[in-house]
>>> print(open('data.cif').read())   # mmCIF, C-alpha atoms
data_my_file
loop_
_atom_site.label_atom_id
_atom_site.label_comp_id
_atom_site.auth_asym_id
_atom_site.auth_seq_id
_atom_site.Cartn_x
_atom_site.Cartn_y
_atom_site.Cartn_z
CA MET A 1 1.06 30.73 2.59
CA GLN A 2 4.73 29.89 2.35
CA HIS A 3 5.43 26.24 1.63
CA PRO A 4 6.96 24.33 4.54
CA GLN A 5 10.23 22.44 4.26
CA ARG A 6 8.90 19.70 6.51
CA ILE A 7 5.55 18.48 7.74
CA GLY A 8 6.24 16.32 10.75
CA LYS A 9 8.95 13.84 9.81
CA TYR A 10 8.22 14.26 6.09
CA GLU A 11 10.56 16.33 3.90
CA ILE A 12 8.71 18.46 1.34
CA GLU A 13 10.14 18.16 -2.16
CA GLU A 14 7.61 19.86 -4.43
CA TYR A 15 4.30 21.74 -4.34
CA LEU A 16 1.80 19.95 -6.59
CA GLY A 17 -1.31 22.15 -6.28
CA GLY A 18 -4.44 22.61 -4.27
CA GLY A 19 -7.40 24.71 -3.22
CA MET A 20 -8.71 24.38 0.35
CA SER A 21 -5.77 22.08 0.93
CA ARG A 22 -2.22 22.05 -0.40
CA VAL A 23 -0.74 18.94 -1.97
CA TYR A 24 2.99 18.19 -1.91
CA ARG A 25 5.36 15.49 -3.10
CA ALA A 26 7.32 14.55 0.00
CA ARG A 27 9.82 12.01 1.25
CA ASP A 28 9.84 9.90 4.36
CA PRO A 29 13.55 9.89 5.28
CA LEU A 30 13.21 6.86 7.57
CA ILE A 31 11.95 4.46 4.93
CA GLU A 32 13.28 6.48 1.97
CA LYS A 33 9.93 6.55 0.21
CA THR A 34 8.29 9.25 -1.91
CA LEU A 35 4.78 10.08 -0.73
CA THR A 36 2.05 12.65 -1.22
CA ILE A 37 0.98 14.96 1.62
CA LYS A 38 -2.31 16.81 1.60
CA ILE A 39 -2.61 19.52 4.27
CA LEU A 40 -5.48 21.86 4.97
CA THR A 41 -4.75 25.56 4.36
CA ASP A 42 -4.90 28.09 7.21
CA GLU A 43 -8.31 29.18 5.93
CA GLY A 44 -9.55 25.59 5.82
CA ALA A 45 -8.20 24.87 9.29
CA ALA A 46 -10.09 27.90 10.65
CA ASP A 47 -13.36 26.39 9.37
CA GLU A 48 -14.52 23.64 11.74
CA ASP A 49 -16.75 22.09 9.05
CA ALA A 50 -13.83 21.93 6.61
CA LYS A 51 -11.64 20.30 9.28
CA ALA A 52 -14.35 17.74 10.02
CA ARG A 53 -14.77 16.94 6.29
CA PHE A 54 -10.99 16.58 5.91
CA LEU A 55 -10.83 14.17 8.86
CA ARG A 56 -13.77 12.16 7.46
CA GLU A 57 -12.06 12.02 4.06
CA ALA A 58 -8.84 10.74 5.64
CA LYS A 59 -10.64 8.06 7.68
CA VAL A 60 -12.74 6.88 4.76
CA ALA A 61 -9.81 6.87 2.32
CA ALA A 62 -7.62 4.98 4.81
CA SER A 63 -10.28 2.27 5.07
CA LEU A 64 -10.27 1.56 1.33
CA GLU A 65 -8.05 -1.03 -0.34
CA HIS A 66 -8.30 -1.18 -4.11
CA GLU A 67 -5.69 -1.22 -6.87
CA ASN A 68 -7.19 1.88 -8.50
CA ILE A 69 -7.57 3.98 -5.33
CA VAL A 70 -4.67 5.87 -3.75
CA SER A 71 -3.72 4.44 -0.34
CA VAL A 72 -3.65 6.63 2.77
CA TYR A 73 -0.77 5.77 5.12
CA ASP A 74 -0.82 8.37 7.88
CA PHE A 75 -2.72 11.29 9.34
CA GLY A 76 -1.63 14.00 11.74
CA GLN A 77 -1.52 17.68 12.70
CA TYR A 78 1.05 20.28 11.72
CA ASP A 79 0.72 23.88 12.94
CA ASP A 80 -2.88 23.15 14.01
CA ARG A 81 -3.74 21.96 10.49
CA PRO A 82 -4.67 18.36 9.69
CA PHE A 83 -2.71 16.51 7.04
CA MET A 84 -2.82 13.09 5.45
CA VAL A 85 -0.01 11.10 3.89
CA MET A 86 -0.85 9.14 0.77
CA GLU A 87 0.68 6.95 -1.89
CA PHE A 88 2.52 8.97 -4.53
CA VAL A 89 1.48 8.04 -8.06
CA ARG A 90 3.77 9.16 -10.85
CA GLY A 91 2.26 10.27 -14.09
CA GLU A 92 -0.07 12.66 -15.75
CA ASP A 93 -3.62 13.35 -14.62
CA LEU A 94 -6.34 12.05 -16.93
CA LYS A 95 -7.61 15.52 -17.86
CA SER A 96 -4.18 16.51 -19.22
CA ALA A 97 -3.69 13.15 -20.93
CA ILE A 98 -7.00 13.53 -22.77
CA ALA A 99 -6.40 17.21 -23.63
CA ASN A 100 -2.91 16.43 -24.95
CA GLN A 101 -4.08 13.31 -26.79
CA ARG A 102 -1.91 11.02 -24.65
CA ALA A 103 -4.72 8.83 -23.33
CA GLY A 104 -3.92 6.26 -26.00
CA ASP A 105 -6.00 4.47 -28.54
CA LEU A 106 -9.60 3.34 -28.05
CA PRO A 107 -8.71 0.04 -26.29
CA ASN A 108 -6.52 1.96 -23.81
CA LYS A 109 -9.29 4.51 -23.18
CA VAL A 110 -11.72 1.66 -22.53
CA ARG A 111 -9.20 0.09 -20.11
CA LEU A 112 -8.93 3.41 -18.24
CA ALA A 113 -12.72 3.75 -18.10
CA LEU A 114 -13.03 0.22 -16.70
CA GLN A 115 -10.43 0.97 -14.00
CA ILE A 116 -12.34 4.08 -12.96
CA ALA A 117 -15.65 2.21 -12.99
CA GLY A 118 -14.12 -0.60 -10.92
CA ALA A 119 -12.88 1.85 -8.29
CA LEU A 120 -16.27 3.58 -8.14
CA GLU A 121 -18.07 0.24 -7.91
CA TYR A 122 -15.80 -0.73 -5.00
CA ILE A 123 -16.38 2.48 -3.04
CA HIS A 124 -20.13 2.25 -3.66
CA SER A 125 -20.04 -1.31 -2.31
CA GLN A 126 -18.50 0.17 0.86
CA GLY A 127 -21.48 2.54 1.23
CA ILE A 128 -19.54 5.59 0.04
CA ILE A 129 -20.72 8.10 -2.55
CA HIS A 130 -17.76 9.98 -4.05
CA ARG A 131 -18.83 13.58 -4.69
CA ASP A 132 -15.60 14.98 -6.11
CA ILE A 133 -14.53 12.87 -9.10
CA LYS A 134 -11.84 14.62 -11.12
CA PRO A 135 -9.89 13.43 -14.15
#
>>> encode(input="data.cif", output="structure tokens")
Amino acid sequence: MQHPQRIGKYEIEEYLGGGMSRVYRARDPLIEKTLTIKILTDEGAADEDAKARFLREAKVAASLEHENIVSVYDFGQYDDRPFMVMEFVRGEDLKSAIANQRAGDLPNKVRLALQIAGALEYIHSQGIIHRDIKP
């Protein structure tokens, strides 16, 4: 799949990764804000179950408001594929930070663990079980 230059009104700036969906750093030119866009691949869009899971994920994520959970701002369709627009968070993923010994000292690691636990506690209080936790 070739990477698009735009998805709806959003200008694609960089491919970040993905599997059944592709994740991009993008820009909303109207409000001049950097965002993240997650869009289902062609293969994912051809699978009705995958599309339904993606839509459920977008709806559930958009309903959550917590300082340690990425906010979802928008949802739409592009070339018959669903996409969601999320908060862009700068920085390194936790897996890389740990592997490269950049997760900090023990107090910082405990702080990170407490932030993760707080986010999980919040989503559990909303009746949601997160089945895809990644560092």
>>> residues_around(input="data.cif", residues="Val70 (chain A)", least_positions_apart="2", cutoff="7 Å", atoms="only C-alpha atoms", output="list of chain:residue names")
A:Asn68, A:Val72, A:Met86, A:Glu87
>>> write_last_selection(input="data.cif", atoms="C-alpha atoms", output="PDB file, in the coordinates of the input")
ATOM      1  CA  ASN A  68      -7.190   1.880  -8.500  1.00  0.00           C
ATOM      2  CA  VAL A  72      -3.650   6.630   2.770  1.00  0.00           C
ATOM      3  CA  MET A  86      -0.850   9.140   0.770  1.00  0.00           C
ATOM      4  CA  GLU A  87       0.680   6.950  -1.890  1.00  0.00           C
TER       5      GLU A  87
END
>>> residues_around(input="data.cif", residues="Arg131 (chain A)", least_positions_apart="5", cutoff="12 Å", atoms="only C-alpha atoms", output="ChimeraX atom specification")
/A:57,120,123-124
>>> atom_distance(input="data.cif", atom1="CA of Leu112 (chain A)", atom2="CA of Ala99 (chain A)")
15.0 Å
>>> atom_distance(input="data.cif", atom1="CA of Glu43 (chain A)", atom2="CA of Arg81 (chain A)")
9.7 Å
>>> residues_around(input="data.cif", residues="Lys59 (chain A)", least_positions_apart="4", cutoff="9 Å", atoms="all atoms listed in the file", output="list of chain:residue names")
A:Phe54, A:Leu55, A:Ser63, A:Val72, A:Phe75
>>> write_last_selection(input="data.cif", atoms="C-alpha atoms", output="compact mmCIF listing (two decimals), in the coordinates of the input")
# COMPACT_ATOMS: atom_id res chain seq x y z
CA PHE A 54 -10.99 16.58 5.91
CA LEU A 55 -10.83 14.17 8.86
CA SER A 63 -10.28 2.27 5.07
CA VAL A 72 -3.65 6.63 2.77
CA PHE A 75 -2.72 11.29 9.34
>>> residues_around(input="data.cif", residues="Asp74 (chain A)", least_positions_apart="5", cutoff="12 Å", atoms="all atoms listed in the file", output="number ranges by chain")
A: 7-10, 28, 35-39, 55, 58-59, 61-63, 82-87
>>> atom_distance(input="data.cif", atom1="CA of Ala117 (chain A)", atom2="CA of Leu16 (chain A)")
25.7 Å
>>> residues_around(input="data.cif", residues="His66 (chain A)", least_positions_apart="3", cutoff="9 Å", atoms="all atoms listed in the file", output="ChimeraX atom specification")
/A:69-71,118-119,122-123
>>> resolve_selection(input="data.cif", expression="the PyMOL selection byres ((chain A and resi 18) around 12)", output="ChimeraX atom specification")
/A:1,15-17,19-24,37-41,44
>>> residues_near_point(input="data.cif", point="(12.1, 8.3, 2.3)", cutoff="12 Å", atoms="all atoms listed in the file", output="PyMOL selection string")
chain A and resi 9-13+25-36+88
>>> closest_residue(input="data.cif", among="A:Ala50, A:Gly76, A:Lys95, A:Leu64", to="Ser125 (chain A)", atoms="all atoms listed in the file")
A:Leu64
